[in-house]
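> work05.txt is the file, holding compact mmCIF, N, CA and C atoms:
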```txt
# COMPACT_ATOMS: atom_id res chain seq x y z
N MET A 127 12.93 28.34 27.09
CA MET A 127 12.10 27.39 27.81
C MET A 127 11.20 26.62 26.85
N VAL A 128 10.63 27.29 25.84
CA VAL A 128 9.75 26.62 24.89
C VAL A 128 10.51 25.54 24.13
N ASP A 129 11.75 25.85 23.69
CA ASP A 129 12.53 24.85 22.96
C ASP A 129 12.81 23.63 23.84
N GLN A 130 13.06 23.86 25.10
CA GLN A 130 13.29 22.75 26.02
C GLN A 130 12.02 21.91 26.18
N ASP A 131 10.86 22.57 26.30
CA ASP A 131 9.59 21.85 26.39
C ASP A 131 9.33 21.02 25.15
N ARG A 132 9.70 21.56 24.01
CA ARG A 132 9.43 20.89 22.74
C ARG A 132 10.12 19.53 22.67
N THR A 133 11.28 19.41 23.25
CA THR A 133 12.02 18.16 23.16
C THR A 133 11.82 17.27 24.39
N GLU A 134 11.51 17.87 25.55
CA GLU A 134 11.44 17.09 26.77
C GLU A 134 10.05 16.61 27.14
N ALA A 135 9.04 17.41 26.92
CA ALA A 135 7.68 17.03 27.33
C ALA A 135 7.14 15.96 26.37
N THR A 136 6.51 14.96 26.94
CA THR A 136 5.88 13.93 26.11
C THR A 136 4.56 14.47 25.58
N ASP A 137 4.04 13.79 24.59
CA ASP A 137 2.74 14.18 24.06
C ASP A 137 1.67 14.13 25.14
N LEU A 138 1.70 13.08 25.95
CA LEU A 138 0.69 12.95 27.01
C LEU A 138 0.78 14.10 28.01
N GLU A 139 1.99 14.51 28.33
CA GLU A 139 2.16 15.66 29.24
C GLU A 139 1.61 16.93 28.60
N LEU A 140 1.89 17.11 27.32
CA LEU A 140 1.38 18.30 26.63
C LEU A 140 -0.14 18.29 26.56
N VAL A 141 -0.73 17.13 26.32
CA VAL A 141 -2.19 17.01 26.28
C VAL A 141 -2.76 17.40 27.63
N GLU A 142 -2.19 16.87 28.70
CA GLU A 142 -2.69 17.19 30.04
C GLU A 142 -2.54 18.68 30.34
N ARG A 143 -1.43 19.26 29.95
CA ARG A 143 -1.22 20.69 30.17
C ARG A 143 -2.25 21.50 29.37
N PHE A 144 -2.53 21.08 28.15
CA PHE A 144 -3.53 21.78 27.35
C PHE A 144 -4.92 21.65 27.97
N LYS A 145 -5.24 20.47 28.44
CA LYS A 145 -6.55 20.25 29.09
C LYS A 145 -6.71 21.14 30.33
N ARG A 146 -5.60 21.48 30.97
CA ARG A 146 -5.65 22.37 32.14
C ARG A 146 -5.67 23.85 31.72
N GLY A 147 -5.66 24.11 30.41
CA GLY A 147 -5.79 25.49 29.94
C GLY A 147 -4.54 26.12 29.37
N GLU A 148 -3.47 25.38 29.26
CA GLU A 148 -2.22 25.94 28.74
C GLU A 148 -2.20 25.81 27.21
N LYS A 149 -2.57 26.88 26.54
CA LYS A 149 -2.67 26.85 25.08
C LYS A 149 -1.32 26.64 24.39
N ALA A 150 -0.25 27.06 25.02
CA ALA A 150 1.08 26.88 24.44
C ALA A 150 1.41 25.39 24.28
N ALA A 151 0.85 24.57 25.14
CA ALA A 151 1.07 23.12 25.04
C ALA A 151 0.47 22.58 23.74
N PHE A 152 -0.69 23.10 23.37
CA PHE A 152 -1.31 22.67 22.11
C PHE A 152 -0.46 23.11 20.93
N GLU A 153 0.06 24.31 20.99
CA GLU A 153 0.93 24.80 19.91
C GLU A 153 2.12 23.87 19.72
N LEU A 154 2.67 23.37 20.81
CA LEU A 154 3.79 22.44 20.71
C LEU A 154 3.36 21.13 20.05
N LEU A 155 2.17 20.66 20.39
CA LEU A 155 1.66 19.44 19.74
C LEU A 155 1.51 19.65 18.24
N VAL A 156 1.00 20.81 17.85
CA VAL A 156 0.82 21.11 16.42
C VAL A 156 2.18 21.12 15.72
N VAL A 157 3.13 21.84 16.29
CA VAL A 157 4.46 21.91 15.69
C VAL A 157 5.07 20.52 15.57
N ARG A 158 4.90 19.73 16.59
CA ARG A 158 5.47 18.39 16.62
C ARG A 158 4.85 17.46 15.57
N HIS A 159 3.54 17.61 15.29
CA HIS A 159 2.85 16.63 14.47
C HIS A 159 2.27 17.18 13.16
N GLN A 160 2.50 18.43 12.84
CA GLN A 160 1.89 19.00 11.64
C GLN A 160 2.35 18.31 10.36
N ARG A 161 3.60 17.91 10.31
CA ARG A 161 4.11 17.23 9.12
C ARG A 161 3.44 15.87 8.92
N LEU A 162 3.25 15.12 10.00
CA LEU A 162 2.58 13.83 9.93
C LEU A 162 1.17 13.99 9.37
N VAL A 163 0.42 14.95 9.88
CA VAL A 163 -0.96 15.16 9.45
C VAL A 163 -1.00 15.61 8.00
N TYR A 164 -0.15 16.56 7.64
CA TYR A 164 -0.12 17.03 6.26
C TYR A 164 0.25 15.90 5.30
N ASN A 165 1.27 15.13 5.64
CA ASN A 165 1.71 14.04 4.75
C ASN A 165 0.62 13.00 4.56
N LEU A 166 -0.09 12.68 5.61
CA LEU A 166 -1.20 11.73 5.48
C LEU A 166 -2.28 12.30 4.56
N ALA A 167 -2.66 13.54 4.80
CA ALA A 167 -3.69 14.17 3.97
C ALA A 167 -3.25 14.24 2.51
N TYR A 168 -1.99 14.54 2.29
CA TYR A 168 -1.49 14.62 0.92
C TYR A 168 -1.48 13.25 0.25
N ARG A 169 -1.08 12.21 0.99
CA ARG A 169 -1.09 10.86 0.42
C ARG A 169 -2.50 10.42 0.05
N LEU A 170 -3.47 10.81 0.84
CA LEU A 170 -4.84 10.39 0.58
C LEU A 170 -5.51 11.20 -0.53
N THR A 171 -5.17 12.49 -0.64
CA THR A 171 -5.83 13.33 -1.64
C THR A 171 -4.99 13.56 -2.89
N GLY A 172 -3.68 13.61 -2.73
CA GLY A 172 -2.81 13.91 -3.86
C GLY A 172 -2.83 15.38 -4.26
N LEU A 173 -3.46 16.22 -3.44
CA LEU A 173 -3.60 17.64 -3.75
C LEU A 173 -3.00 18.48 -2.62
N PRO A 174 -1.95 19.24 -2.90
CA PRO A 174 -1.28 20.01 -1.84
C PRO A 174 -2.21 20.99 -1.12
N ASP A 175 -3.02 21.73 -1.86
CA ASP A 175 -3.91 22.71 -1.22
C ASP A 175 -4.96 22.03 -0.36
N GLU A 176 -5.51 20.94 -0.86
CA GLU A 176 -6.51 20.19 -0.10
C GLU A 176 -5.87 19.59 1.15
N ALA A 177 -4.65 19.11 1.03
CA ALA A 177 -3.94 18.54 2.18
C ALA A 177 -3.69 19.61 3.25
N GLN A 178 -3.34 20.80 2.81
CA GLN A 178 -3.12 21.91 3.75
C GLN A 178 -4.41 22.25 4.49
N ASP A 179 -5.51 22.34 3.75
CA ASP A 179 -6.82 22.62 4.37
C ASP A 179 -7.20 21.52 5.36
N LEU A 180 -7.01 20.28 4.95
CA LEU A 180 -7.34 19.15 5.82
C LEU A 180 -6.52 19.19 7.10
N ALA A 181 -5.24 19.47 6.98
CA ALA A 181 -4.37 19.50 8.16
C ALA A 181 -4.85 20.56 9.15
N GLN A 182 -5.21 21.73 8.64
CA GLN A 182 -5.71 22.78 9.51
C GLN A 182 -7.02 22.36 10.18
N GLU A 183 -7.90 21.76 9.41
CA GLU A 183 -9.19 21.32 9.95
C GLU A 183 -9.01 20.23 11.01
N VAL A 184 -8.05 19.35 10.79
CA VAL A 184 -7.79 18.29 11.77
C VAL A 184 -7.35 18.90 13.09
N PHE A 185 -6.45 19.86 13.05
CA PHE A 185 -5.99 20.45 14.30
C PHE A 185 -7.08 21.28 14.99
N ILE A 186 -7.96 21.87 14.22
CA ILE A 186 -9.11 22.56 14.82
C ILE A 186 -10.01 21.54 15.52
N LYS A 187 -10.24 20.42 14.84
CA LYS A 187 -11.07 19.36 15.43
C LYS A 187 -10.42 18.82 16.70
N VAL A 188 -9.12 18.58 16.67
CA VAL A 188 -8.41 18.07 17.85
C VAL A 188 -8.48 19.10 18.98
N PHE A 189 -8.34 20.37 18.65
CA PHE A 189 -8.42 21.44 19.65
C PHE A 189 -9.77 21.38 20.37
N LYS A 190 -10.84 21.18 19.61
CA LYS A 190 -12.18 21.16 20.18
C LYS A 190 -12.51 19.85 20.90
N LYS A 191 -11.90 18.75 20.44
CA LYS A 191 -12.28 17.42 20.94
C LYS A 191 -11.19 16.75 21.78
N ILE A 192 -10.25 17.52 22.27
CA ILE A 192 -9.13 16.93 23.00
C ILE A 192 -9.61 16.15 24.23
N ASP A 193 -10.75 16.53 24.79
CA ASP A 193 -11.25 15.81 25.96
C ASP A 193 -11.65 14.37 25.64
N SER A 194 -11.88 14.08 24.36
CA SER A 194 -12.24 12.70 23.99
C SER A 194 -11.00 11.80 23.90
N PHE A 195 -9.81 12.39 23.98
CA PHE A 195 -8.59 11.59 24.02
C PHE A 195 -8.43 11.03 25.43
N ARG A 196 -8.52 9.71 25.55
CA ARG A 196 -8.49 9.06 26.86
C ARG A 196 -7.09 8.61 27.28
N GLY A 197 -6.13 8.66 26.38
CA GLY A 197 -4.78 8.25 26.72
C GLY A 197 -4.56 6.76 26.69
N GLU A 198 -5.52 6.01 26.13
CA GLU A 198 -5.37 4.55 26.05
C GLU A 198 -4.37 4.15 24.96
N SER A 199 -4.12 5.06 24.05
CA SER A 199 -3.12 4.84 23.00
C SER A 199 -2.23 6.07 22.99
N ALA A 200 -1.19 6.02 22.18
CA ALA A 200 -0.33 7.19 22.05
C ALA A 200 -1.11 8.32 21.39
N PHE A 201 -0.82 9.54 21.77
CA PHE A 201 -1.49 10.70 21.16
C PHE A 201 -1.31 10.68 19.66
N LYS A 202 -0.12 10.33 19.21
CA LYS A 202 0.18 10.30 17.78
C LYS A 202 -0.74 9.31 17.06
N THR A 203 -1.01 8.19 17.67
CA THR A 203 -1.92 7.19 17.08
C THR A 203 -3.33 7.75 16.99
N TRP A 204 -3.80 8.38 18.06
CA TRP A 204 -5.14 8.98 18.08
C TRP A 204 -5.24 10.09 17.03
N LEU A 205 -4.23 10.95 16.98
CA LEU A 205 -4.20 12.04 16.02
C LEU A 205 -4.23 11.50 14.59
N PHE A 206 -3.45 10.47 14.33
CA PHE A 206 -3.40 9.85 13.01
C PHE A 206 -4.79 9.33 12.62
N GLN A 207 -5.48 8.72 13.57
CA GLN A 207 -6.81 8.19 13.29
C GLN A 207 -7.81 9.31 13.02
N VAL A 208 -7.74 10.38 13.80
CA VAL A 208 -8.61 11.54 13.57
C VAL A 208 -8.34 12.10 12.17
N ALA A 209 -7.08 12.24 11.82
CA ALA A 209 -6.71 12.78 10.51
C ALA A 209 -7.17 11.87 9.38
N ALA A 210 -6.97 10.58 9.52
CA ALA A 210 -7.37 9.63 8.48
C ALA A 210 -8.89 9.65 8.29
N ASN A 211 -9.64 9.66 9.39
CA ASN A 211 -11.10 9.70 9.28
C ASN A 211 -11.58 10.99 8.65
N HIS A 212 -10.97 12.10 9.02
CA HIS A 212 -11.37 13.39 8.45
C HIS A 212 -11.06 13.43 6.95
N ALA A 213 -9.91 12.94 6.57
CA ALA A 213 -9.54 12.92 5.15
C ALA A 213 -10.46 12.01 4.35
N LYS A 214 -10.79 10.85 4.90
CA LYS A 214 -11.70 9.93 4.20
C LYS A 214 -13.07 10.56 4.03
N ASN A 215 -13.55 11.24 5.07
CA ASN A 215 -14.84 11.93 4.96
C ASN A 215 -14.80 13.02 3.90
N ARG A 216 -13.70 13.74 3.84
CA ARG A 216 -13.57 14.80 2.84
C ARG A 216 -13.57 14.21 1.44
N LEU A 217 -12.86 13.09 1.25
CA LEU A 217 -12.82 12.44 -0.06
C LEU A 217 -14.22 11.99 -0.48
N LYS A 218 -14.99 11.45 0.45
CA LYS A 218 -16.37 11.07 0.13
C LYS A 218 -17.18 12.28 -0.28
N TYR A 219 -17.03 13.36 0.47
CA TYR A 219 -17.75 14.60 0.18
C TYR A 219 -17.38 15.11 -1.22
N LEU A 220 -16.10 15.15 -1.52
CA LEU A 220 -15.66 15.65 -2.82
C LEU A 220 -16.09 14.74 -3.96
N SER A 221 -16.08 13.44 -3.74
CA SER A 221 -16.46 12.52 -4.81
C SER A 221 -17.96 12.63 -5.10
N ARG A 222 -18.77 12.89 -4.07
CA ARG A 222 -20.21 13.08 -4.31
C ARG A 222 -20.46 14.34 -5.12
N ARG A 223 -19.57 15.29 -5.04
CA ARG A 223 -19.71 16.53 -5.80
C ARG A 223 -18.88 16.51 -7.08
N ARG A 224 -18.41 15.32 -7.42
CA ARG A 224 -17.65 15.09 -8.65
C ARG A 224 -16.43 16.01 -8.77
N TYR A 225 -15.80 16.27 -7.65
CA TYR A 225 -14.62 17.12 -7.61
C TYR A 225 -13.46 16.51 -8.40
N PHE A 226 -13.35 15.20 -8.38
CA PHE A 226 -12.22 14.53 -9.01
C PHE A 226 -12.51 14.08 -10.43
N THR A 227 -13.68 14.36 -10.94
CA THR A 227 -13.98 13.95 -12.30
C THR A 227 -13.79 15.14 -13.22
N SER A 228 -13.38 14.86 -14.41
CA SER A 228 -13.23 15.91 -15.41
C SER A 228 -13.56 15.32 -16.76
N GLU A 229 -13.98 16.19 -17.61
CA GLU A 229 -14.29 15.76 -18.97
C GLU A 229 -13.07 15.98 -19.84
N SER A 230 -12.86 15.06 -20.72
CA SER A 230 -11.75 15.18 -21.65
C SER A 230 -12.08 16.25 -22.67
N ILE A 231 -11.08 17.01 -23.06
CA ILE A 231 -11.33 18.01 -24.10
C ILE A 231 -11.50 17.34 -25.46
N ASP A 232 -11.21 16.05 -25.53
CA ASP A 232 -11.39 15.33 -26.77
C ASP A 232 -12.80 14.76 -26.94
N GLU A 233 -13.65 14.86 -25.88
CA GLU A 233 -15.01 14.35 -25.99
C GLU A 233 -15.81 15.22 -26.94
N THR A 234 -16.79 14.61 -27.55
CA THR A 234 -17.63 15.37 -28.47
C THR A 234 -18.92 15.76 -27.78
N ILE A 235 -19.56 16.77 -28.30
CA ILE A 235 -20.85 17.22 -27.79
C ILE A 235 -21.91 16.26 -28.29
N ASP A 236 -22.79 15.82 -27.36
CA ASP A 236 -23.85 14.88 -27.74
C ASP A 236 -24.70 15.46 -28.87
N GLY A 237 -25.02 14.63 -29.83
CA GLY A 237 -25.88 15.04 -30.93
C GLY A 237 -25.14 15.74 -32.05
N GLU A 238 -23.90 16.08 -31.86
CA GLU A 238 -23.12 16.76 -32.89
C GLU A 238 -22.36 15.71 -33.70
N ASP A 239 -21.69 16.16 -34.70
CA ASP A 239 -20.85 15.26 -35.50
C ASP A 239 -19.81 14.65 -34.57
N GLY A 240 -19.84 13.35 -34.44
CA GLY A 240 -18.98 12.66 -33.50
C GLY A 240 -17.52 12.66 -33.86
N GLY A 241 -17.15 13.17 -35.01
CA GLY A 241 -15.78 13.09 -35.44
C GLY A 241 -14.88 14.22 -34.97
N GLU A 242 -15.45 15.32 -34.50
CA GLU A 242 -14.64 16.48 -34.15
C GLU A 242 -14.56 16.65 -32.62
N PRO A 243 -13.41 16.99 -32.11
CA PRO A 243 -13.30 17.30 -30.68
C PRO A 243 -14.17 18.51 -30.33
N VAL A 244 -14.51 18.65 -29.04
CA VAL A 244 -15.41 19.70 -28.57
C VAL A 244 -14.92 21.08 -28.98
N GLU A 245 -13.63 21.37 -28.80
CA GLU A 245 -13.15 22.70 -29.11
C GLU A 245 -13.31 23.02 -30.60
N VAL A 246 -13.15 22.04 -31.46
CA VAL A 246 -13.33 22.25 -32.91
C VAL A 246 -14.81 22.49 -33.20
N GLN A 247 -15.71 21.72 -32.56
CA GLN A 247 -17.13 21.91 -32.77
C GLN A 247 -17.57 23.31 -32.35
N ILE A 248 -17.04 23.80 -31.25
CA ILE A 248 -17.40 25.15 -30.78
C ILE A 248 -16.95 26.19 -31.77
N ILE A 249 -15.73 26.06 -32.27
CA ILE A 249 -15.20 27.01 -33.25
C ILE A 249 -16.04 26.97 -34.52
N LEU A 250 -16.40 25.76 -34.95
CA LEU A 250 -17.21 25.62 -36.17
C LEU A 250 -18.58 26.26 -35.98
N ARG A 251 -19.16 26.15 -34.80
CA ARG A 251 -20.48 26.76 -34.54
C ARG A 251 -20.39 28.27 -34.59
N GLN A 252 -19.29 28.83 -34.17
CA GLN A 252 -19.14 30.29 -34.12
C GLN A 252 -18.90 30.87 -35.51
N ALA A 253 -18.43 30.07 -36.44
CA ALA A 253 -18.10 30.56 -37.78
C ALA A 253 -19.33 30.82 -38.63
```
Once more with this new file: its structure as structure tokens, please.


Amino acid sequence: MVDQDRTEATDLELVERFKRGEKAAFELLVVRHQRLVYNLAYRLTGLPDEAQDLAQEVFIKVFKKIDSFRGESAFKTWLFQVAANHAKNRLKYLSRRRYFTSESIDETIDGEDGGEPVEVQIILRQA
């Protein structure tokens, strides 16, 4: 019966069933759209682990906020927008914490001899 529901029920029907308390309907929505959400998150972040976390967070958010879906657009469109907004917010959060910045190992330590890479300067200090 579940396999039949997966192919026959529309997203709108599944949303309505979930709103009436049928949790299995939400599971079907997740199965149906998890790849879309993950792929979007991965395209925006370029990081598989971050994309996986984002996808899970998006579905948690959708689970909690499904009542805000009014059905004026396709569920997939609404879900895509929720996912895109969540991913953009995460990217802003990570960039404020300099998650995507890194220092080159070729940079020199300020005030030291500018000619040697950092790892060489550290080794020289230890000698």

> What does the structure give for the distance between CA of Val141 (chain A) and CA of Leu162 (chain A), in Å to one decimal?

17.3 Å

> Write out as a list in words each polymer residue whose atoms come within 8 Å of Glu183 (chain A), counting all atoms listed in the file; drop sequence neighbours fewer than 6 positions from it.

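What passes the distance filter is Ala177, Phe189, Ala209 and His212 of chain A.
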
> What does the distance between atom N of Ala200 (chain A) and CA of Asn215 (chain A) come to in Å, to one decimal place?

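Distance reported for this atom pair: 22.8 Å.
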
> Any idea what the distance is between CA of Arg222 (chain A) and CA of Phe185 (chain A)?

24.6 Å

> Do a neighbour search on Arg143 (chain A) at 7 Å with all atoms listed in the file, toss out local chain neighbours closer than 6 positions, and write the hits as a PyMOL selection string.

chain A and resi 149+151-152

> Using all atoms listed in the file, which protein or nucleic acid residues come within 8 Å of Leu180 (chain A)? Drop anything in the same chain fewer than 2 positions from it, and give the result as number ranges by chain.

A: 163-164, 167-168, 174-178, 182-186, 209, 212-213

> Which one is closest to Ala181 (chain A): A:Thr136, A:Ser221, A:Asn165, A:Asn211? Count only C-alpha atoms.

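Of A:Thr136, A:Ser221, A:Asn165, A:Asn211, the one nearest Ala181 (chain A) is A:Asn165, counting only C-alpha atoms.
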
> Kindly list the centre and edge lengths in Å, rounded to one decimal, for the axis-aligned box that covers all listed atoms of region 178-196 of chain A plus 8 Å on each of its six sides, as lines of an AutoDock Vina configuration file.


```
center_x = -7.8
center_y = 15.7
center_z = 15.0
size_x = 25.4
size_y = 30.2
size_z = 40.5
```

> Taking into account all atoms listed in the file, which residue in the set A:Ile192, A:Lys187, A:Val157, A:Asp179 is nearest to Lys145 (chain A)?

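Checking each of A:Ile192, A:Lys187, A:Val157, A:Asp179 against Lys145 (chain A), counting all atoms listed in the file, the winner is A:Ile192.
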